[in-house]
Amino acid sequence: MDIWELYRQRGFARQATDEGALKTLTDTAAAGGGVLTAYTGFDPTADSFHVGHLIPLMGLIHFQRAGHRPIVLLGGGTAMIGDPTGKNEMRKMLTDEELAKNTDALRRQAARLMDFDSGNPSAAIMANNGDWLRQWGYIDFLREIGHHFSVNRMLTFETFKTRMETGLSFIEFNYPLLQAYDFLELSRRYDCTVQLGGDDQWANIISGVDLVRRVERRDVFGWTFPLLTTSSGAKMGKTEKGAVWLDPEKTSPYEYYQYWVNVDDADVAKCLGFFTLLPMEEVNRLSRLEGAEIRQAKQVLAREATRLIHGEEEAAKAEKGAKAVFGGGGDMDQVPSTTLEAARLADGVDLAEVMVSAGLAKSKGEARRLVDQGGVHLNGEKVTDGFMRITAAHGNQGHLMIKVGKKKFHRVVVA
RNA sequence: GGGGAGAUACCCGAGCGGUCAAAGGGAUCAGACUGUAAAUCUGACGGCUACGCCUUCGGAGGUUCGAAUCCUCCUCUCCCCA
């Protein structure tokens, strides 16, 4: 089975520029013992990847597992422009320092997901388009790259059509040229012949394919992955706290695990294909589960997805923590926690205040509302007084368990 | 350069000079029902030991007993003309 077939089976296929030719190319490479090189670009707009980046990242992981060579392209240059795709308004400009910091953080995260250093032919490459984009002079770029682009055609891109209503700045209008040029540069430097990306990148990808053909008279290809949405069409990867990050500092492994256990029934099968490396037979078996048994599938999903990002040990801990609070008994240590100085318990501490500092409520008022609505439990007992104060009497061997709603648990350690 | 429209809470979006902490929808959160689903119904949704007080309607001033609402200037956005 070639990589493209594997992509199809697991749901990683949306559009391809020329699937027939792509297969031929892959077969030829395989027959000659060579590897194929593909890249995906990520703009360093934050200092961590989040769940929204996961499909392309998983795509690259599979690509490498299939024996090919992935390139992770960090958009240190393009992020200075801002991809207008899917945006209604221009994104704020990042400073050089922010970019450097973000690029660095993303590089470290990516390095944990793929093999970059083994020296194998399939060892991944990390590139930064700032390395080549920032060297260009304006006139030179226009003459050498710009003249290959038709404005008439660019205006037909969905991205720009919608932006014609709300406004589009010239800087953003140039984004496809830069991304297209990346492909040209990567094809020259690394013999990269495929660009992978989310389906919203289609226009940018074919711009690159066209550019390489025009300049190099060489056929390269584009392949897009579906966008990560729930079955109801909403974007995935968001919780009330915001994006679900891959950085354990921003989203703990426990929270990460919880995110996956809580996906809708309707999305479980899809997610198993996308976010685990389980063989498809296993994915299909789990996907056939119905009713309450779907929970088993969700647990496998959460376990595997967490393992991939945070490692076996953290995944096991997150799972134990989940079992402890939802199944009763067991190891509570993995539940998110904060500490509280014992001395403060002497005259009581406002529960609402503790909830705010633990991130369980945005304000004391909200915390009190939650209590009023019967959504707060302390050590398993429903709290009824919004102004309740925590005292030493509540210290259950130095541990207090606050539950908000049905799923949010937080431990307070008295120290 | 000229003319017009506009900026309201997380998003969209109403808003007569007082009865506006600001309609409605979405998102979100909580409760009930469940399986740590979905759908549905109910409630909450600026802050604050709270039938009151404080801070909000792009920014800065002003008029007024009283301003989201009127005036002036500024910033930004969109549309049309050249």
# chains A, B, ... in the order shown; residues from 1 in each chain; ligands from 1

$ interface_residues --of "chain A" --to "chain B" --cutoff "7 Å" --atoms "only C-alpha atoms (C1' of nucleotides)" --output "PDB file with C-alpha atoms, in the first residue's frame"
ATOM      1  CA  THR A 166     -14.613  43.332   3.561  1.00  0.00           C
ATOM      2  CA  GLU A 240     -14.033  27.107  26.774  1.00  0.00           C
ATOM      3  CA  ASN A 262     -15.091  14.206  25.210  1.00  0.00           C
ATOM      4  CA  ASP A 264     -18.819  13.727  20.023  1.00  0.00           C
ATOM      5  CA  ASP A 265     -19.834  10.175  19.281  1.00  0.00           C
ATOM      6  CA  ALA A 292     -22.391   3.355  25.749  1.00  0.00           C
ATOM      7  CA  ARG A 295     -16.776   5.236  25.501  1.00  0.00           C
ATOM      8  CA  PHE A 326     -14.764   9.470  36.857  1.00  0.00           C
ATOM      9  CA  LEU A 370     -21.913  28.314  39.469  1.00  0.00           C
ATOM     10  CA  GLN A 373     -26.789  26.772  39.925  1.00  0.00           C
ATOM     11  CA  GLY A 374     -25.686  23.725  41.830  1.00  0.00           C
ATOM     12  CA  GLY A 375     -22.644  23.160  39.705  1.00  0.00           C
ATOM     13  CA  GLY A 405     -19.946  20.833  36.343  1.00  0.00           C
ATOM     14  CA  LYS A 407     -16.298  17.003  34.103  1.00  0.00           C
TER      15      LYS A 407
END

$ select_by_dssp --residues "segment 67-154 of chain A" --states "alpha helix (DSSP H)" --output "VMD selection string"
chain A and resid 96 to 113 130 to 133 138 to 144 151 to 154

$ residues_around --residues "segment 343-352 of chain A" --least-positions-apart "6" --cutoff "9 Å" --atoms "only C-alpha atoms (C1' of nucleotides)" --output "list in words"
Ala361, Ser363, Lys364, Gly365, Glu366, Ala367, Arg368, Val371, Gly386, Phe387, Met388, Arg389, Ile390, Thr391, Ala392, Ala393, Gly395, Val414 and Ala415 of chain A

$ select_by_dssp --residues "segment 211-402 of chain A" --states "strand (DSSP E or B)" --output "JSON, numbers by chain"
{"A": [221, 222, 223, 224, 225, 229, 235, 238, 239, 242, 243, 245, 337, 338, 339, 340, 349, 350, 376, 377, 378, 381, 382, 389, 390, 396, 399, 400, 401, 402]}

$ atom_distance --atom1 "atom CA of Ala46 of chain A" --atom2 "atom CA of Leu99 of chain A"
8.3 Å

$ residues_around --residues "segment 3-14 of chain B" --least-positions-apart "5" --cutoff "8 Å" --atoms "only C-alpha atoms (C1' of nucleotides)" --output "list in words"
A23, G24, G25, G26, A27, G46, C57, G58, A68, U77, C78, C79, C80 and C81 of chain B

$ write_last_selection --atoms "N, CA, C and O atoms (P, O5', C5', C4', C3', O3' and C1' of nucleotides)" --output "mmCIF file, in the first residue's frame"
data_model
loop_
_atom_site.group_PDB
_atom_site.id
_atom_site.type_symbol
_atom_site.label_atom_id
_atom_site.label_comp_id
_atom_site.auth_asym_id
_atom_site.auth_seq_id
_atom_site.Cartn_x
_atom_site.Cartn_y
_atom_site.Cartn_z
ATOM 1 P P A B 23 -29.499 43.435 26.927
ATOM 2 O "O5'" A B 23 -30.768 42.992 26.089
ATOM 3 C "C5'" A B 23 -32.068 43.392 26.518
ATOM 4 C "C4'" A B 23 -33.036 43.381 25.367
ATOM 5 C "C3'" A B 23 -33.108 42.088 24.561
ATOM 6 O "O3'" A B 23 -33.883 41.093 25.206
ATOM 7 C "C1'" A B 23 -33.073 43.921 23.095
ATOM 8 P P G B 24 -33.340 39.608 25.213
ATOM 9 O "O5'" G B 24 -33.234 39.277 23.663
ATOM 10 C "C5'" G B 24 -34.399 39.186 22.852
ATOM 11 C "C4'" G B 24 -34.012 38.889 21.422
ATOM 12 C "C3'" G B 24 -33.052 37.715 21.252
ATOM 13 O "O3'" G B 24 -33.721 36.470 21.269
ATOM 14 C "C1'" G B 24 -32.268 39.559 20.000
ATOM 15 P P G B 25 -32.955 35.203 21.837
ATOM 16 O "O5'" G B 25 -31.951 34.837 20.663
ATOM 17 C "C5'" G B 25 -32.448 34.508 19.370
ATOM 18 C "C4'" G B 25 -31.319 34.443 18.378
ATOM 19 C "C3'" G B 25 -30.167 33.521 18.755
ATOM 20 O "O3'" G B 25 -30.450 32.164 18.481
ATOM 21 C "C1'" G B 25 -29.304 35.568 17.979
ATOM 22 P P G B 26 -29.826 31.035 19.385
ATOM 23 O "O5'" G B 26 -28.306 31.031 18.926
ATOM 24 C "C5'" G B 26 -27.950 30.693 17.584
ATOM 25 C "C4'" G B 26 -26.489 30.980 17.343
ATOM 26 C "C3'" G B 26 -25.523 30.302 18.306
ATOM 27 O "O3'" G B 26 -25.275 28.949 17.952
ATOM 28 C "C1'" G B 26 -24.917 32.560 18.039
ATOM 29 P P A B 27 -24.973 27.900 19.073
ATOM 30 O "O5'" A B 27 -23.568 28.405 19.619
ATOM 31 C "C5'" A B 27 -22.407 28.296 18.804
ATOM 32 C "C4'" A B 27 -21.233 28.932 19.511
ATOM 33 C "C3'" A B 27 -20.945 28.367 20.892
ATOM 34 O "O3'" A B 27 -20.169 27.186 20.853
ATOM 35 C "C1'" A B 27 -20.967 30.715 20.990
ATOM 36 P P G B 46 -22.968 39.714 31.969
ATOM 37 O "O5'" G B 46 -21.613 40.469 32.303
ATOM 38 C "C5'" G B 46 -20.420 40.033 31.678
ATOM 39 C "C4'" G B 46 -19.284 40.909 32.131
ATOM 40 C "C3'" G B 46 -18.984 40.862 33.613
ATOM 41 O "O3'" G B 46 -18.184 39.758 33.957
ATOM 42 C "C1'" G B 46 -19.068 43.106 32.912
ATOM 43 P P C B 57 -17.306 53.230 26.977
ATOM 44 O "O5'" C B 57 -18.140 52.624 25.775
ATOM 45 C "C5'" C B 57 -17.662 51.452 25.130
ATOM 46 C "C4'" C B 57 -18.565 51.112 23.970
ATOM 47 C "C3'" C B 57 -18.960 52.330 23.141
ATOM 48 O "O3'" C B 57 -18.961 51.988 21.759
ATOM 49 C "C1'" C B 57 -20.888 51.270 24.015
ATOM 50 P P G B 58 -18.440 53.040 20.704
ATOM 51 O "O5'" G B 58 -16.838 52.990 20.732
ATOM 52 C "C5'" G B 58 -16.168 51.752 20.891
ATOM 53 C "C4'" G B 58 -14.702 51.944 20.622
ATOM 54 C "C3'" G B 58 -14.077 53.154 21.327
ATOM 55 O "O3'" G B 58 -13.679 52.844 22.646
ATOM 56 C "C1'" G B 58 -13.500 53.184 19.043
ATOM 57 P P A B 68 -23.953 56.814 28.593
ATOM 58 O "O5'" A B 68 -23.699 55.921 27.286
ATOM 59 C "C5'" A B 68 -22.484 56.043 26.571
ATOM 60 C "C4'" A B 68 -22.683 55.623 25.145
ATOM 61 C "C3'" A B 68 -23.468 56.620 24.289
ATOM 62 O "O3'" A B 68 -22.611 57.554 23.692
ATOM 63 C "C1'" A B 68 -24.383 54.440 24.048
ATOM 64 P P U B 77 -7.716 51.481 8.296
ATOM 65 O "O5'" U B 77 -9.184 50.899 8.228
ATOM 66 C "C5'" U B 77 -9.473 49.582 8.679
ATOM 67 C "C4'" U B 77 -10.944 49.304 8.538
ATOM 68 C "C3'" U B 77 -11.508 49.510 7.140
ATOM 69 O "O3'" U B 77 -11.268 48.407 6.289
ATOM 70 C "C1'" U B 77 -12.938 50.512 8.735
ATOM 71 P P C B 78 -11.056 48.674 4.719
ATOM 72 O "O5'" C B 78 -12.557 48.772 4.207
ATOM 73 C "C5'" C B 78 -13.447 47.668 4.338
ATOM 74 C "C4'" C B 78 -14.861 48.128 4.109
ATOM 75 C "C3'" C B 78 -15.111 48.816 2.777
ATOM 76 O "O3'" C B 78 -15.291 47.887 1.725
ATOM 77 C "C1'" C B 78 -16.094 50.080 4.513
ATOM 78 P P C B 79 -14.907 48.320 0.246
ATOM 79 O "O5'" C B 79 -16.148 49.234 -0.154
ATOM 80 C "C5'" C B 79 -17.450 48.691 -0.264
ATOM 81 C "C4'" C B 79 -18.436 49.800 -0.559
ATOM 82 C "C3'" C B 79 -18.104 50.651 -1.778
ATOM 83 O "O3'" C B 79 -18.533 50.050 -2.986
ATOM 84 C "C1'" C B 79 -18.650 52.061 0.040
ATOM 85 P P C B 80 -17.696 50.328 -4.319
ATOM 86 O "O5'" C B 80 -18.184 51.784 -4.712
ATOM 87 C "C5'" C B 80 -19.528 52.023 -5.121
ATOM 88 C "C4'" C B 80 -19.767 53.502 -5.236
ATOM 89 C "C3'" C B 80 -18.842 54.239 -6.195
ATOM 90 O "O3'" C B 80 -19.248 54.122 -7.550
ATOM 91 C "C1'" C B 80 -18.992 55.440 -4.173
ATOM 92 P P C B 81 -18.150 54.205 -8.693
ATOM 93 O "O5'" C B 81 -17.746 55.741 -8.669
ATOM 94 C "C5'" C B 81 -18.657 56.737 -9.123
ATOM 95 C "C4'" C B 81 -18.080 58.104 -8.931
ATOM 96 C "C3'" C B 81 -16.761 58.384 -9.643
ATOM 97 O "O3'" C B 81 -16.942 58.695 -11.018
ATOM 98 C "C1'" C B 81 -16.648 59.198 -7.430
#

$ atom_distance --atom1 "atom CA of Ala342 of chain A" --atom2 "atom CA of Lys323 of chain A"
28.4 Å

$ closest_residue --among "A:Thr306, A:Thr338, A:Gln296, A:Thr224" --to "Arg8 of chain A" --atoms "only C-alpha atoms"
A:Thr224

$ atom_distance --atom1 "atom CA of Thr26 of chain A" --atom2 "atom CA of Gln195 of chain A"
14.0 Å
